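Enquirer: Please find target.txt (compact mmCIF, C-alpha atoms and all ligand atoms) on the next line:
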```
# COMPACT_ATOMS: atom_id res chain seq x y z
CA MET A 1 -56.26 19.96 -18.29
CA PHE A 2 -52.85 18.37 -18.86
CA GLY A 3 -51.71 20.33 -21.91
CA LEU A 4 -52.07 23.69 -20.23
CA PHE A 5 -49.56 23.19 -17.50
CA LYS A 6 -46.19 22.44 -19.08
CA LYS A 7 -43.52 20.92 -16.91
CA ASN A 8 -40.06 22.46 -16.85
CA LYS A 9 -37.50 20.23 -18.57
CA PRO A 10 -33.90 20.35 -17.35
CA VAL A 11 -31.24 20.30 -20.11
CA LYS A 12 -27.51 20.96 -20.35
CA ILE A 13 -26.63 23.67 -22.79
CA ARG A 14 -23.33 24.84 -24.23
CA GLY A 15 -22.18 27.28 -26.88
CA TYR A 16 -20.53 26.61 -30.22
CA SER A 17 -17.05 27.18 -28.84
CA GLY A 18 -16.03 26.43 -25.31
CA ASP A 19 -17.12 23.25 -23.62
CA ARG A 20 -18.56 24.68 -20.44
CA LYS A 21 -22.05 23.27 -19.93
CA TYR A 22 -24.91 25.03 -18.15
CA GLY A 23 -27.97 23.45 -16.61
CA ILE A 24 -31.19 25.22 -17.63
CA ALA A 25 -34.80 24.29 -17.00
CA SER A 26 -37.48 25.60 -19.35
CA LYS A 27 -40.98 24.74 -20.45
CA ASP A 28 -40.31 25.08 -24.18
CA VAL A 29 -37.67 25.89 -26.80
CA LYS A 30 -38.57 29.55 -26.90
CA GLU A 31 -37.88 29.93 -23.20
CA LEU A 32 -34.75 27.81 -23.45
CA ILE A 33 -33.28 29.99 -26.19
CA LYS A 34 -34.12 33.13 -24.25
CA LYS A 35 -32.45 31.86 -21.09
CA GLY A 36 -29.54 30.38 -22.99
CA CYS A 37 -28.78 33.56 -24.93
CA LYS A 38 -28.77 35.54 -21.73
CA LEU A 39 -26.43 33.07 -20.07
CA LEU A 40 -24.02 32.75 -23.00
CA GLN A 41 -24.41 36.38 -24.00
CA LEU A 42 -25.54 35.65 -27.54
CA PRO A 43 -27.97 37.64 -29.71
CA LEU A 44 -31.49 36.29 -29.49
CA SER A 45 -32.29 36.89 -33.15
CA GLY A 46 -31.47 33.83 -35.26
CA ALA A 47 -30.48 31.69 -32.26
CA HIS A 48 -31.41 28.01 -32.43
CA VAL A 49 -30.77 24.84 -30.49
CA CYS A 50 -29.62 21.40 -31.62
CA LEU A 51 -28.59 18.07 -30.13
CA TYR A 52 -24.94 17.96 -29.07
CA GLU A 53 -24.67 14.38 -30.21
CA ASP A 54 -25.61 14.66 -33.87
CA GLY A 55 -26.67 18.24 -34.58
CA THR A 56 -30.42 17.56 -35.00
CA ILE A 57 -32.38 20.84 -34.65
CA VAL A 58 -34.58 20.88 -31.57
CA THR A 59 -38.12 22.04 -32.47
CA GLU A 60 -41.01 22.78 -30.13
CA GLU A 61 -42.58 19.43 -31.05
CA PHE A 62 -39.34 17.56 -30.47
CA PHE A 63 -38.52 19.29 -27.18
CA PRO A 64 -40.96 17.42 -24.87
CA THR A 65 -39.57 14.05 -26.08
CA LEU A 66 -35.99 14.84 -25.01
CA PRO A 67 -34.63 12.96 -22.01
CA ASP A 68 -33.89 15.04 -18.90
CA ASN A 69 -30.41 16.60 -18.82
CA CYS A 70 -29.99 16.06 -22.54
CA GLU A 71 -26.93 17.87 -23.95
CA LEU A 72 -27.74 20.68 -26.36
CA VAL A 73 -25.79 23.31 -28.27
CA LEU A 74 -26.98 26.88 -28.62
CA LEU A 75 -26.11 28.28 -32.04
CA SER A 76 -26.28 31.76 -33.53
CA ARG A 77 -27.60 32.66 -36.96
CA GLY A 78 -25.76 30.82 -39.72
CA GLN A 79 -23.96 28.41 -37.39
CA THR A 80 -24.40 24.66 -37.76
CA TRP A 81 -23.27 21.80 -35.59
CA SER A 82 -22.40 18.41 -37.04
CA GLY A 83 -22.32 16.71 -33.70
CA VAL A 84 -19.36 15.40 -31.76
CA VAL A 85 -17.35 15.38 -35.02
CA CYS A 86 -16.99 19.16 -34.52
CA ASP A 87 -15.37 18.50 -31.18
CA ILE A 88 -12.87 16.04 -32.66
CA GLY A 89 -11.87 18.73 -35.14
CA ARG A 90 -11.31 21.16 -32.29
CA LEU A 91 -9.44 18.51 -30.32
CA LEU A 92 -7.00 18.01 -33.17
CA ASN A 93 -6.37 21.73 -33.38
CA THR A 94 -4.99 21.95 -29.88
CA ASP A 95 -1.24 22.32 -29.66
CA ARG A 96 1.02 20.48 -27.32
CA HIS A 97 0.26 22.88 -24.49
CA ALA A 98 -3.18 21.37 -24.24
CA ASP A 99 -2.73 21.05 -20.49
CA GLY A 100 -6.44 21.41 -19.84
CA LEU A 101 -7.19 18.58 -22.21
CA ILE A 102 -4.56 16.38 -20.60
CA GLU A 103 -6.02 17.09 -17.17
CA ALA A 104 -9.51 16.30 -18.43
CA ALA A 105 -8.42 13.01 -20.00
CA LYS A 106 -6.55 12.04 -16.83
CA GLY A 107 -9.64 12.87 -14.79
CA LEU A 108 -11.84 10.71 -16.99
CA LEU A 109 -9.33 7.90 -16.88
CA ALA A 110 -9.19 7.92 -13.09
CA ASP A 111 -12.67 6.49 -12.74
CA GLU A 112 -13.13 4.81 -16.08
CA LYS A 113 -13.95 1.12 -15.85
CA SER A 114 -14.45 0.18 -19.49
CA PHE A 115 -11.34 -1.34 -21.05
CA LYS A 116 -12.14 0.10 -24.43
CA ARG A 117 -12.53 3.66 -23.14
CA ARG A 118 -9.41 3.29 -21.00
CA LYS A 119 -7.48 2.32 -24.12
CA VAL A 120 -8.81 5.30 -26.10
CA LEU A 121 -7.96 7.67 -23.24
CA THR A 122 -4.46 6.31 -22.65
CA ASP A 123 -3.72 6.49 -26.38
CA LEU A 124 -5.01 10.06 -26.42
CA LEU A 125 -2.82 10.98 -23.44
CA GLN A 126 0.14 9.27 -25.03
CA ASN A 127 -0.29 11.43 -28.12
CA LEU A 128 -1.01 14.67 -26.25
CA GLU A 129 2.02 14.31 -24.02
CA ASP A 130 4.35 14.40 -26.99
CA ARG A 131 7.79 15.75 -26.08
CA SER A 132 9.40 15.43 -29.47
CA ASP A 133 10.43 19.09 -29.43
CA LEU A 134 12.93 18.26 -26.69
CA GLU A 135 16.25 16.83 -27.83
CA THR A 136 18.82 16.48 -25.06
CA ARG A 137 19.10 14.17 -22.08
CA GLU A 138 18.84 17.13 -19.69
CA GLU A 139 15.60 18.29 -21.31
CA ASP A 140 13.83 14.94 -21.41
CA GLU A 141 15.39 12.53 -18.93
CA ASP A 142 12.48 10.12 -19.04
CA TRP A 143 13.06 9.43 -22.75
CA PHE A 144 16.62 8.30 -21.99
CA THR A 145 15.63 5.81 -19.26
CA GLY A 146 17.63 2.67 -20.03
CA VAL A 147 19.62 4.33 -22.83
CA ASP A 148 23.42 4.14 -22.52
CA VAL A 149 24.88 7.27 -20.86
CA ARG A 150 27.10 7.97 -23.86
CA PHE A 151 24.05 9.21 -25.79
CA LYS A 152 23.43 12.87 -25.03
CA THR A 153 20.80 13.60 -27.69
CA LYS A 154 17.81 11.71 -29.04
CA SER A 155 19.09 12.00 -32.60
CA ALA A 156 22.46 10.49 -31.70
CA TYR A 157 20.70 7.52 -30.16
CA MET A 158 18.30 7.06 -33.08
CA LYS A 159 21.19 7.21 -35.51
CA TYR A 160 22.92 4.49 -33.55
CA ASN A 161 19.70 2.47 -33.50
CA CYS A 162 19.58 2.50 -37.30
CA GLU A 163 23.28 1.66 -37.60
CA SER A 164 22.80 -1.35 -35.33
CA ARG A 165 20.02 -2.71 -37.49
CA ILE A 166 22.17 -2.39 -40.59
CA ARG A 167 25.18 -3.95 -38.85
CA GLY A 168 22.86 -6.90 -38.23
CA TYR A 169 22.54 -7.36 -42.00
CA VAL A 170 26.34 -7.39 -42.33
CA LYS A 171 26.38 -10.24 -39.84
CA GLU A 172 23.99 -12.21 -42.01
CA VAL A 173 26.24 -11.72 -45.01
CA ASP A 174 29.19 -12.93 -42.90
CA ASN A 175 27.25 -15.98 -41.74
CA ALA A 176 26.66 -17.04 -45.33
CA THR A 177 30.43 -17.61 -45.67
CA ASN A 178 30.18 -20.75 -43.57
CA SER A 179 27.88 -22.44 -46.06
CA ILE A 180 30.37 -22.18 -48.95
CA GLN A 181 32.12 -25.41 -49.89
CA LYS A 182 34.55 -24.41 -52.63
CA ALA A 183 37.63 -22.62 -51.34
CA LYS A 184 37.85 -20.40 -54.42
CA VAL A 185 34.28 -19.22 -54.11
CA LYS A 186 34.74 -18.64 -50.40
CA GLU A 187 37.76 -16.47 -51.06
CA GLU A 188 35.86 -14.36 -53.61
CA PHE A 189 32.88 -14.06 -51.31
CA LEU A 190 35.08 -12.82 -48.46
CA LYS A 191 36.59 -10.28 -50.81
CA ALA A 192 33.12 -9.12 -51.87
CA SER A 193 31.80 -8.83 -48.34
CA LYS A 194 34.88 -6.91 -47.28
CA CYS A 195 34.24 -4.41 -50.06
CA LEU A 196 30.59 -4.12 -49.08
CA VAL A 197 31.57 -3.34 -45.49
CA GLU A 198 34.02 -0.70 -46.72
CA MET A 199 31.26 0.95 -48.71
CA LEU A 200 29.00 0.82 -45.67
CA LYS A 201 31.64 2.41 -43.45
CA ASN A 202 31.95 5.25 -45.95
CA ASP A 203 28.22 5.79 -45.58
CA LYS A 204 28.47 5.52 -41.77
CA TYR A 205 26.20 2.47 -41.80
CA ASN A 206 23.37 4.65 -43.09
CA GLY A 207 22.48 5.66 -39.55
CA LYS A 208 21.21 8.91 -41.07
CA TYR A 209 17.90 7.23 -41.98
CA PHE A 210 16.66 7.59 -38.38
CA ASP A 211 18.42 10.85 -37.57
CA ARG A 212 16.03 13.81 -37.68
CA THR A 213 18.92 16.29 -37.72
CA GLU A 214 20.10 14.96 -41.09
CA LYS A 215 19.20 16.79 -44.26
CA GLU A 216 15.88 15.83 -45.78
CA SER A 217 17.26 13.67 -48.57
CA GLY A 218 19.13 11.55 -46.03
CA ARG A 219 16.51 10.81 -43.39
CA LEU A 220 13.36 8.71 -43.43
CA CYS A 221 11.54 10.94 -40.92
CA THR A 222 10.35 14.53 -40.78
CA LYS A 223 12.52 17.06 -38.98
CA GLU A 224 10.20 16.59 -35.98
CA GLY A 225 10.92 12.87 -36.02
CA TRP A 226 7.72 11.44 -37.52
CA PHE A 227 8.08 8.22 -39.47
CA THR A 228 5.31 6.90 -41.70
CA CYS A 229 4.97 3.29 -42.67
CA GLN A 230 5.99 2.75 -46.29
CA GLY A 231 3.58 -0.14 -46.78
CA SER A 232 4.28 -3.83 -47.21
CA PHE A 233 6.74 -4.94 -49.89
CA GLU A 234 4.07 -5.29 -52.59
CA GLN A 235 2.31 -2.02 -51.81
CA LYS A 236 3.10 1.51 -52.93
CA LEU A 237 1.79 3.06 -49.72
CA CYS A 238 0.55 1.97 -46.31
CA GLN A 239 -3.24 1.88 -46.52
CA LEU A 240 -3.52 1.97 -42.73
CA LEU A 241 -1.63 5.27 -42.36
CA HIS A 242 0.68 3.89 -39.68
CA SER A 243 2.92 6.52 -38.19
CA ILE A 244 5.10 6.98 -35.13
CA ASN A 245 7.39 9.53 -33.56
CA PRO A 246 10.01 7.67 -31.51
CA TYR A 247 11.39 11.07 -30.45
CA GLY A 248 8.10 11.89 -28.68
CA SER A 249 8.23 9.67 -25.61
CA ARG A 250 10.04 6.76 -24.05
CA GLU A 251 7.12 4.50 -24.91
CA SER A 252 7.17 5.49 -28.59
CA ARG A 253 10.92 4.95 -28.68
CA ILE A 254 10.45 1.40 -27.37
CA VAL A 255 7.47 0.64 -29.61
CA PHE A 256 9.52 1.81 -32.59
CA SER A 257 11.74 -1.25 -32.15
CA THR A 258 8.83 -3.33 -33.51
CA TRP A 259 9.01 -1.35 -36.74
CA ASN A 260 11.09 -3.09 -39.34
CA LEU A 261 13.45 -2.09 -42.09
CA ASP A 262 12.18 -4.71 -44.47
CA HIS A 263 14.09 -5.83 -47.56
CA ARG A 264 11.74 -5.77 -50.57
CA ILE A 265 13.97 -8.19 -52.40
CA GLU A 266 14.77 -10.46 -49.49
CA LYS A 267 18.35 -10.56 -48.27
CA LYS A 268 18.50 -14.11 -46.94
CA ARG A 269 16.20 -15.77 -49.44
CA THR A 270 17.27 -13.88 -52.55
CA ILE A 271 20.12 -11.34 -52.49
CA ILE A 272 22.78 -13.34 -50.63
CA PRO A 273 22.07 -16.53 -52.64
CA ALA A 274 22.21 -14.47 -55.87
CA LEU A 275 25.64 -13.12 -54.90
CA LEU A 276 26.85 -16.62 -54.03
CA GLU A 277 25.51 -17.96 -57.29
CA ALA A 278 27.21 -15.21 -59.30
CA LEU A 279 30.53 -15.96 -57.60
CA GLN A 280 30.40 -19.59 -58.69
CA THR A 281 31.27 -18.47 -62.19
CA HIS A 282 32.62 -14.93 -61.75
CA LYS A 283 35.31 -13.12 -59.84
CA THR A 284 34.40 -10.37 -57.36
CA ALA A 285 35.94 -7.88 -59.77
CA ASP A 286 33.25 -8.77 -62.32
CA ILE A 287 30.40 -8.29 -59.90
CA ASN A 288 28.55 -4.99 -59.71
CA LEU A 289 28.98 -4.66 -55.95
CA ASN A 290 27.34 -1.30 -56.01
CA TYR A 291 24.08 -3.03 -56.94
CA PHE A 292 24.40 -5.58 -54.14
CA TYR A 293 25.24 -2.79 -51.75
CA GLN A 294 22.09 -0.90 -52.73
CA MET A 295 19.95 -3.99 -52.32
CA LEU A 296 21.39 -5.10 -48.97
CA PHE A 297 21.93 -1.86 -47.11
CA THR A 298 20.11 1.11 -48.59
CA ARG A 299 16.61 2.50 -48.91
CA GLU A 300 16.72 1.53 -52.58
CA ASN A 301 15.52 -1.83 -51.30
CA LEU A 302 14.63 -1.17 -47.66
CA LYS A 303 11.17 -0.15 -46.56
CA LEU A 304 10.37 1.03 -43.07
CA VAL A 305 7.22 -0.82 -42.02
CA HIS A 306 4.89 -1.13 -39.05
CA ILE A 307 4.82 -4.71 -37.80
CA VAL A 308 1.33 -5.21 -39.28
CA CYS A 309 2.68 -4.30 -42.72
CA HIS A 310 5.65 -6.63 -42.33
CA LYS A 311 4.64 -9.68 -44.35
CA LYS A 312 6.62 -12.73 -43.32
CA GLY A 313 5.97 -14.92 -46.35
CA ALA A 314 8.20 -15.18 -49.42
CA HIS A 315 8.27 -11.94 -51.40
CA ASP A 316 8.98 -13.67 -54.71
CA LEU A 317 11.03 -10.79 -56.05
CA THR A 318 14.32 -11.50 -57.78
CA CYS A 319 17.55 -9.58 -58.26
CA ASP A 320 17.95 -7.80 -61.58
CA THR A 321 20.39 -9.94 -63.56
CA ASN A 322 21.14 -6.96 -65.82
CA LYS A 323 22.56 -5.10 -62.86
CA MET A 324 24.39 -7.89 -61.07
CA PHE A 325 27.51 -7.83 -63.23
CA ARG A 326 29.93 -5.12 -64.11
CA THR A 327 29.38 -3.67 -67.53
CA SER A 328 30.68 -0.38 -68.79
CA LYS A 329 27.21 1.06 -68.22
CA ASN A 330 26.99 -0.18 -64.65
CA ALA A 331 30.49 1.07 -63.95
CA ARG A 332 29.52 4.52 -65.17
CA LYS A 333 26.40 4.45 -62.98
CA ALA A 334 28.41 3.41 -59.95
CA LYS A 335 30.80 6.25 -60.56
CA GLU A 336 27.92 8.72 -60.72
CA ASP A 337 26.45 7.34 -57.51
CA THR A 338 29.66 7.85 -55.61
CA LYS A 339 30.53 11.18 -57.15
CA GLY A 340 32.12 13.48 -54.63
CA LYS A 341 32.71 10.66 -52.19
CA LYS A 342 35.86 8.75 -51.52
CA LYS A 343 36.22 5.87 -53.92
CA HIS A 344 34.86 2.77 -52.27
CA CYS A 345 36.55 -0.33 -53.48
CA THR A 346 38.18 -1.66 -56.59
ZN ZN B 1 1.60 0.15 -42.48
ZN ZN B 2 10.75 -9.09 -44.09
```
Would you mind writing the structure in this file as structure tokens?
Expert:
Amino acid sequence: MFGLFKKNKPVKIRGYSGDRKYGIASKDVKELIKKGCKLLQLPLSGAHVCLYEDGTIVTEEFFPTLPDNCELVLLSRGQTWSGVVCDIGRLLNTDRHADGLIEAAKGLLADEKSFKRRKVLTDLLQNLEDRSDLETREEDEDWFTGVDVRFKTKSAYMKYNCESRIRGYVKEVDNATNSIQKAKVKEEFLKASKCLVEMLKNDKYNGKYFDRTEKESGRLCTKEGWFTCQGSFEQKLCQLLHSINPYGSRESRIVFSTWNLDHRIEKKRTIIPALLEALQTHKTADINLNYFYQMLFTRENLKLVHIVCHKKGAHDLTCDTNKMFRTSKNARKAKEDTKGKKKHCT
């Protein structure tokens, strides 16, 4: 007599859009669809049910094998569900005012014990609570915690941050002076480095690279402040799609300091020694300083990389000997490069 008396099975059902779940008990799929359509106010004709998890259609034969309180989705004619992937798509479509989502994630986090899920939730929150649309200290005080009071806007601080990194490279050029034995070479090297610093001052230490208010050709980020990793020195692109918006939160700003402006042709191992070598036999006036400037201080040779894409080993790339010395062609090129700007150095 068993087959005649079907037990009611409790399930949780939800619609295609909206994540509110309803508990329903029914003896079969037919009854479930009927109750579900009434509850969600959907047309009965063409309605079908599938597993929330992976979108498998629930048939009458399949129904009795489902665990109690299994999560199901009620679909209308023509609708399909590809499982939780659908939800991720919807999640990504939420804008920054996803307050409900933030609340939900915080709620889940409050009693989450698994380290892995805690990490996923905190990363999600970190990304949802993006405040990159705010710019001034008054608007986003938290972002400025620990930042010198003279900085009133995020962009001004980021510009300074880039300048400081590039000033660090100047220091390394200066340090190389100490290793020079011959007085004559030392003198020429000092002359060269002085010119390079002049050129850099004209370009305001290239702080524009991190400044989102700069025009597009000048900055490395989007106007919202997103930076993408340019891939390690031997790659065209970052395969791992690293990206960061240091304008978004205090944490992102701090994490951004682990991102590196990496010299493709290495400054300490290659460029500075090449300049020193050239000055053994040439005067500064014969050196194409514009080339050395490009290699040491500009995005011609600098790549912004996530720490994972910052390879520490030797890059084995050399300076272009055709460009290192002044020729009429190089001189013309240098002139074109500086067109419209104050003349750098002679
Ligand atoms: Zn990368
Ligand atoms: Zn490096």
Enquirer: Please find the residues contacting ligand ZN 2 (chain B) at a distance of at most 12 Å between atoms, with all atoms listed in the file counted, and report them as a ChimeraX atom specification.
Expert: /A:231-234,259-270,301-316
Enquirer: Next, write the just-selected residues to a file, as a compact mmCIF listing (two decimals), keeping the file's coordinate frame, keeping C-alpha atoms as the atom set.
Expert:
```txt
# COMPACT_ATOMS: atom_id res chain seq x y z
CA GLY A 231 3.58 -0.14 -46.78
CA SER A 232 4.28 -3.83 -47.21
CA PHE A 233 6.74 -4.94 -49.89
CA GLU A 234 4.07 -5.29 -52.59
CA TRP A 259 9.01 -1.35 -36.74
CA ASN A 260 11.09 -3.09 -39.34
CA LEU A 261 13.45 -2.09 -42.09
CA ASP A 262 12.18 -4.71 -44.47
CA HIS A 263 14.09 -5.83 -47.56
CA ARG A 264 11.74 -5.77 -50.57
CA ILE A 265 13.97 -8.19 -52.40
CA GLU A 266 14.77 -10.46 -49.49
CA LYS A 267 18.35 -10.56 -48.27
CA LYS A 268 18.50 -14.11 -46.94
CA ARG A 269 16.20 -15.77 -49.44
CA THR A 270 17.27 -13.88 -52.55
CA ASN A 301 15.52 -1.83 -51.30
CA LEU A 302 14.63 -1.17 -47.66
CA LYS A 303 11.17 -0.15 -46.56
CA LEU A 304 10.37 1.03 -43.07
CA VAL A 305 7.22 -0.82 -42.02
CA HIS A 306 4.89 -1.13 -39.05
CA ILE A 307 4.82 -4.71 -37.80
CA VAL A 308 1.33 -5.21 -39.28
CA CYS A 309 2.68 -4.30 -42.72
CA HIS A 310 5.65 -6.63 -42.33
CA LYS A 311 4.64 -9.68 -44.35
CA LYS A 312 6.62 -12.73 -43.32
CA GLY A 313 5.97 -14.92 -46.35
CA ALA A 314 8.20 -15.18 -49.42
CA HIS A 315 8.27 -11.94 -51.40
CA ASP A 316 8.98 -13.67 -54.71
```
Enquirer: Mind checking which residues fall within 12 Å of Cys70 in chain A, counting only C-alpha atoms, ignoring those fewer than 6 positions away in the same chain, and posting them as a list in words?
Expert: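 Contacts, with the query itself left out: Lys9, Pro10, Val11, Lys12, Ile13, Arg14, Lys21, Tyr22, Gly23, Ile24, Ala25, Val49, Cys50, Leu51, Tyr52, Glu53, Val58, Phe63 and Pro64 of chain A.
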Enquirer: Nearest to Leu74 in chain A among A:Lys223, A:Lys119, A:Lys38, A:Lys186, with distances taken over only C-alpha atoms: which residue is it?
Expert: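 Under the stated criterion, the closest residue is A:Lys38.
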Enquirer: When you look at Pro273 in chain A with a cut-off of 12 Å (counting all atoms listed in the file), what residues show up, excluding the ones that are within fewer than 6 positions of it in the same chain? I need them as an mmCIF file with C-alpha atoms, keeping the file's coordinate frame.
Expert:
```cif
data_model
loop_
_atom_site.group_PDB
_atom_site.id
_atom_site.type_symbol
_atom_site.label_atom_id
_atom_site.label_comp_id
_atom_site.auth_asym_id
_atom_site.auth_seq_id
_atom_site.Cartn_x
_atom_site.Cartn_y
_atom_site.Cartn_z
ATOM 1 C CA GLU A 172 23.990 -12.210 -42.010
ATOM 2 C CA VAL A 173 26.240 -11.720 -45.010
ATOM 3 C CA ALA A 176 26.660 -17.040 -45.330
ATOM 4 C CA THR A 177 30.430 -17.610 -45.670
ATOM 5 C CA SER A 179 27.880 -22.440 -46.060
ATOM 6 C CA ILE A 180 30.370 -22.180 -48.950
ATOM 7 C CA PHE A 189 32.880 -14.060 -51.310
ATOM 8 C CA ILE A 265 13.970 -8.190 -52.400
ATOM 9 C CA GLU A 266 14.770 -10.460 -49.490
ATOM 10 C CA LYS A 267 18.350 -10.560 -48.270
ATOM 11 C CA LEU A 279 30.530 -15.960 -57.600
ATOM 12 C CA GLN A 280 30.400 -19.590 -58.690
ATOM 13 C CA PHE A 292 24.400 -5.580 -54.140
ATOM 14 C CA THR A 318 14.320 -11.500 -57.780
ATOM 15 C CA CYS A 319 17.550 -9.580 -58.260
#
```
Enquirer: Step by step: start from the point (19.3, 7.6, -21.6) in the file's coordinates, keep every protein, DNA or RNA residue that has an atom no farther than 12 Å from it, count only C-alpha atoms, and write the set as a PyMOL selection string.
Expert: chain A and resi 135-158+249-250+253
Enquirer: Which residue out of A:Thr56, A:Thr281, A:Thr213, A:Gln230 has the minimum interatomic distance to ligand ZN 1 (chain B) when only C-alpha atoms and all ligand atoms are used?
Expert: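 The shortest atom-to-atom distance to ligand ZN 1 (chain B) comes from A:Gln230.
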Enquirer: Find the residue from A:Met295, A:Ile57, A:Leu275, A:Ile166 that sits nearest to Trp81 in chain A; use all atoms listed in the file when measuring.
Expert: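 The shortest atom-to-atom distance to Trp81 in chain A comes from A:Ile57.
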Enquirer: Rank nothing, just name the residue among A:Gly218, A:Gly107, A:Gly225, A:Pro43 nearest to Leu125 in chain A, using only C-alpha atoms.
Expert: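 Closest residue, counting only C-alpha atoms: A:Gly107.
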Enquirer: Between CA of Tyr205 in chain A and CA of Arg219 in chain A, what is the distance in Å, rounded to a tenth?
Expert: 12.9 Å
Enquirer: In Å, rounded to a single decimal, give me how far CA of Cys221 in chain A is from CA of Glu198 in chain A.
Expert: 26.0 Å
Enquirer: Quick one: of A:Leu240, A:Leu317, A:Lys182, A:Ile272, who's nearest to ligand ZN 1 (chain B), counting all atoms listed in the file?
Expert: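 Using all atoms listed in the file, the shortest distance to ligand ZN 1 (chain B) belongs to A:Leu240.
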Enquirer: Work out how far CA of Asn288 in chain A is from CA of Leu220 in chain A, in Å to one decimal.
Expert: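 So the answer is 26.1 Å.
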Enquirer: Residues at most 12 Å from Glu103 in chain A, counting only C-alpha atoms, excluding those fewer than 5 positions away in the same chain, as a PyMOL selection string?
Expert: chain A and resi 97-98+108-110+121+124-125+128-129
Enquirer: Calculated over all atoms listed in the file, which of the candidates A:Asn175, A:Asn206, A:Ser132, A:Thr222 has the smallest distance to Lys159 in chain A?
Expert: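 Of the candidates, the smallest distance to Lys159 in chain A is held by A:Asn206.
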Enquirer: Range 288-291 of chain A, all listed atoms, 5 Å padding on each side: what axis-aligned box centre and edge lengths in Å to one decimal come out, as AutoDock Vina command-line options?
Expert:
```
--center_x 26.5 --center_y -3.1 --center_z -57.8 --size_x 14.9 --size_y 13.7 --size_z 13.8
```
